[in-house]
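Student: Sharing a structure here in structure tokens format.
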Amino acid sequence: MLIDVHAHLDMLEESPAEVLARAKAAGVQKIVTIGTEPKDHEFVLQTARQFYPDIYCTLGVHPHQGMLWQPEVGEWIEKHVVEKEVIAVGEIGLDYYYNQSPVEEQRLAFRKQLEIAERTQMPVQIHTREADQDTYEILKDFDGRVKGLIHCFTSSQKLAEQCLSMGYNISFSGIVTFKNAESLRETCKLVPLDRIHVETDSPFLAPVPQRGKKNTPAYVVHVAQVVANIKGISVEELTQRTNENARQLFPKIQW
Ligand SMILES: [Zn+2]
Ligand SMILES: [Zn+2]
């Protein structure tokens with residue numbers, strides 16, 4: 001049974017119960033729902049509490065919402081990440097493609113939340129888009145003190161190598177199934193089997209052959225199929241590997 005390490009259950013039309021039932025029927029046992037901004041944190045946390053130990057959550061301020069960063073937001077996150085349902089600080093990072101928040105505010109929120117991860121000894125889930133250099137430089141400042149995964153990886157091979165060398169794992173979404181994603185599939189070949197994850201990032205980025213539909217955690221099976229093909233292994237082996245990686249990186253998950 002697979003785990004979808006990154007989904008946004010608060011953005012789906014179906015209820016978490018329906019999403020989970022559909023996922024289980026497709027062979028997806030566990031889901032991590034992701035915090036992105038203060039107003040949604042309570043819902044995300046409640047979902048994880050209600051469906052523990054099948055659904056877990058992360059808490060964090062997404063780079064799009066960097067402008068909402070306040071010390072009190074950080075205090076709330078730091079207080080709640082220690083709960084058993086919360087497996088990481090996230091998603092945090094930099095997004096210079098949309099630039100929905102000013103770059104300076106994105107960087108500040110990113111650094112402050114890496115500090116929370118360090119103080120609480122929690123892993124992180126990182127979002128990075130068109131921000132390779134700054135992502136690397138900020139993570140370098142925390143090198144060896146914070147671990148985590150780079151979610152929905154779409155950046156350069158160079159950034160993948162840099163993140164791997166700093167100890168981060170890498171997660172692939174439905175993008176890896178897209179016809180025009182040849183260079184991402186090349187990057188996928190480089191990621192060792194003991195450092196790799198799969199996710200949906202639901203409701204975004206539904207994988208082939210569901211492309212164009214609303215994504216849902218059940219579809220992580222399609223991502224796993226393509227990643228297994230790229231790695232030249234069976235889906236069963238990929239499932240074992242990614243579960244083992246999740247076990248290592250997110251020790252709060254109950255199996
Ligand atoms: Zn993201
Ligand atoms: Zn996300």
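Quick note on naming: the chains in the structure tokens go A, B, ... in the order shown, residues restart at 1 in each chain, and ligands are numbered from 1 in order of appearance.
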Compile the contact shell of range 117-128 of chain A as a PyMOL selection string: residues with an atom at most 8 Å away, counting only C-alpha atoms, same-chain residues fewer than 3 positions apart removed.
Tutor: chain A and resi 62-63+78+81-82+87-95+113-114+131-132+135+145-153+155+249-250
Student: Residues of the last selection are to be written out with N, CA, C and O atoms, as a short mmCIF file (atom, residue, chain, number, x, y, z; two decimals), in the first residue's frame.
Tutor:
```
data_model
loop_
_atom_site.label_atom_id
_atom_site.label_comp_id
_atom_site.auth_asym_id
_atom_site.auth_seq_id
_atom_site.Cartn_x
_atom_site.Cartn_y
_atom_site.Cartn_z
N HIS A 62 3.12 28.54 3.35
CA HIS A 62 3.57 28.37 1.95
C HIS A 62 4.22 29.67 1.46
O HIS A 62 3.80 30.76 1.87
N PRO A 63 5.20 29.56 0.55
CA PRO A 63 5.81 30.80 0.04
C PRO A 63 4.81 31.79 -0.57
O PRO A 63 5.01 33.00 -0.47
N GLU A 78 4.94 26.27 16.08
CA GLU A 78 5.90 25.60 16.96
C GLU A 78 5.21 24.85 18.10
O GLU A 78 5.63 23.76 18.48
N VAL A 81 3.38 21.60 16.14
CA VAL A 81 4.10 20.57 15.37
C VAL A 81 4.52 19.37 16.22
O VAL A 81 4.83 18.32 15.68
N VAL A 82 4.52 19.55 17.52
CA VAL A 82 4.94 18.44 18.37
C VAL A 82 3.82 17.40 18.55
O VAL A 82 4.05 16.32 19.09
N ILE A 87 3.53 15.63 11.13
CA ILE A 87 4.76 14.91 10.82
C ILE A 87 5.88 15.80 10.28
O ILE A 87 7.00 15.34 10.12
N ALA A 88 5.57 17.07 9.95
CA ALA A 88 6.62 17.94 9.41
C ALA A 88 6.20 19.40 9.49
O ALA A 88 5.01 19.71 9.65
N VAL A 89 7.19 20.27 9.36
CA VAL A 89 6.93 21.70 9.16
C VAL A 89 6.82 21.89 7.65
O VAL A 89 7.71 21.49 6.90
N GLY A 90 5.72 22.46 7.18
CA GLY A 90 5.60 22.63 5.73
C GLY A 90 4.17 22.95 5.30
O GLY A 90 3.26 22.87 6.11
N GLU A 91 3.94 23.34 4.03
CA GLU A 91 5.07 23.45 3.15
C GLU A 91 5.65 24.84 3.21
O GLU A 91 4.94 25.83 3.29
N ILE A 92 6.98 24.88 3.17
CA ILE A 92 7.72 26.13 3.27
C ILE A 92 8.67 26.21 2.08
O ILE A 92 8.93 25.21 1.43
N GLY A 93 9.16 27.41 1.78
CA GLY A 93 10.10 27.49 0.67
C GLY A 93 10.00 28.80 -0.09
O GLY A 93 9.66 29.84 0.48
N LEU A 94 10.29 28.71 -1.38
CA LEU A 94 10.36 29.90 -2.24
C LEU A 94 9.68 29.60 -3.57
O LEU A 94 9.89 28.54 -4.15
N ASP A 95 8.86 30.55 -4.04
CA ASP A 95 8.23 30.41 -5.35
C ASP A 95 8.37 31.72 -6.10
O ASP A 95 7.62 32.66 -5.86
N GLN A 113 10.88 29.37 9.51
CA GLN A 113 10.28 28.04 9.69
C GLN A 113 11.35 26.95 9.69
O GLN A 113 11.18 25.91 10.34
N LEU A 114 12.47 27.19 9.02
CA LEU A 114 13.60 26.25 9.16
C LEU A 114 14.12 26.29 10.59
O LEU A 114 14.51 25.27 11.15
N ALA A 131 13.55 29.14 -8.13
CA ALA A 131 14.28 29.81 -7.04
C ALA A 131 15.46 28.96 -6.61
O ALA A 131 15.79 28.89 -5.42
N ASP A 132 16.11 28.32 -7.57
CA ASP A 132 17.13 27.33 -7.25
C ASP A 132 18.25 27.90 -6.36
O ASP A 132 18.59 27.32 -5.34
N THR A 135 17.13 28.96 -2.83
CA THR A 135 16.77 27.77 -2.06
C THR A 135 18.04 27.09 -1.56
O THR A 135 18.15 26.76 -0.37
N ARG A 145 21.51 20.39 10.00
CA ARG A 145 20.70 20.65 11.20
C ARG A 145 19.20 20.45 10.94
O ARG A 145 18.42 20.35 11.88
N VAL A 146 18.81 20.42 9.65
CA VAL A 146 17.41 20.20 9.29
C VAL A 146 17.38 19.16 8.19
O VAL A 146 18.23 19.17 7.30
N LYS A 147 16.39 18.25 8.25
CA LYS A 147 16.22 17.30 7.14
C LYS A 147 14.80 17.38 6.63
O LYS A 147 13.94 18.01 7.25
N GLY A 148 14.56 16.75 5.48
CA GLY A 148 13.21 16.82 4.94
C GLY A 148 13.17 16.41 3.50
O GLY A 148 14.09 15.75 3.00
N LEU A 149 12.07 16.79 2.83
CA LEU A 149 11.99 16.47 1.41
C LEU A 149 11.65 17.69 0.60
O LEU A 149 11.00 18.63 1.08
N ILE A 150 12.12 17.67 -0.65
CA ILE A 150 11.77 18.69 -1.62
C ILE A 150 10.57 18.12 -2.36
O ILE A 150 10.70 17.12 -3.07
N HIS A 151 9.41 18.74 -2.18
CA HIS A 151 8.20 18.14 -2.73
C HIS A 151 7.95 18.62 -4.16
O HIS A 151 8.42 19.69 -4.56
N CYS A 152 7.22 17.80 -4.92
CA CYS A 152 6.84 18.12 -6.30
C CYS A 152 8.04 18.68 -7.06
O CYS A 152 8.00 19.77 -7.61
N PHE A 153 9.12 17.92 -7.06
CA PHE A 153 10.37 18.45 -7.61
C PHE A 153 10.22 18.73 -9.10
O PHE A 153 9.78 17.88 -9.86
N SER A 155 12.71 21.32 -10.32
CA SER A 155 13.85 22.22 -10.54
C SER A 155 14.96 21.52 -11.32
O SER A 155 14.77 20.42 -11.82
N LEU A 249 12.10 9.15 7.33
CA LEU A 249 12.07 10.62 7.37
C LEU A 249 10.99 11.14 8.32
O LEU A 249 11.17 12.19 8.95
N PHE A 250 9.86 10.44 8.38
CA PHE A 250 8.73 10.90 9.20
C PHE A 250 8.41 9.84 10.25
O PHE A 250 7.41 9.12 10.15
#
```
Student: So which residues touch Ala26 in chain A within 9 Å, counting only C-alpha atoms, skipping near sequence neighbours fewer than 6 positions away, as a list in words?
Tutor: Met1, Ala218, Tyr219 and Val221 of chain A
Student: So, with only C-alpha atoms as the atoms that count, which of A:Leu159, A:Val73, A:Leu193, A:Val227 lies closest to Ala109 in chain A?
Tutor: A:Val73
Student: So which residues of range 125-210 of chain A fall under helix (DSSP H, G or I) by DSSP, listed as a PyMOL selection string?
Tutor: chain A and resi 132-141+157-165+174-177+182-190
Student: What lies within 12 Å of range 229-242 of chain A using only C-alpha atoms, ignoring chain neighbours under 6 positions off, as an MDAnalysis selection string?
Tutor: chainID A and resid 1:5 27:29 169:172 176:177 182 184:199 220:223 248:250
Student: List every residue of range 25-91 of chain A that DSSP, applied to the backbone of this structure, assigns to strand (DSSP E or B), and report them as a list in words.
Tutor: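 The residues of range 25-91 of chain A classed as strand (DSSP E or B) are Val28, Gln29, Lys30, Ile31, Val32, Thr33, Ile55, Tyr56, Cys57, Thr58, Leu59, Val86, Ile87, Ala88, Val89, Gly90 and Glu91 of chain A.
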Student: Of the residues A:Gly167, A:Gly60, A:Gly74, A:Pro251, which is the one nearest to ligand 1, using only C-alpha atoms and all ligand atoms?
Tutor: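 So, comparing all the options, the nearest one is A:Gly60.
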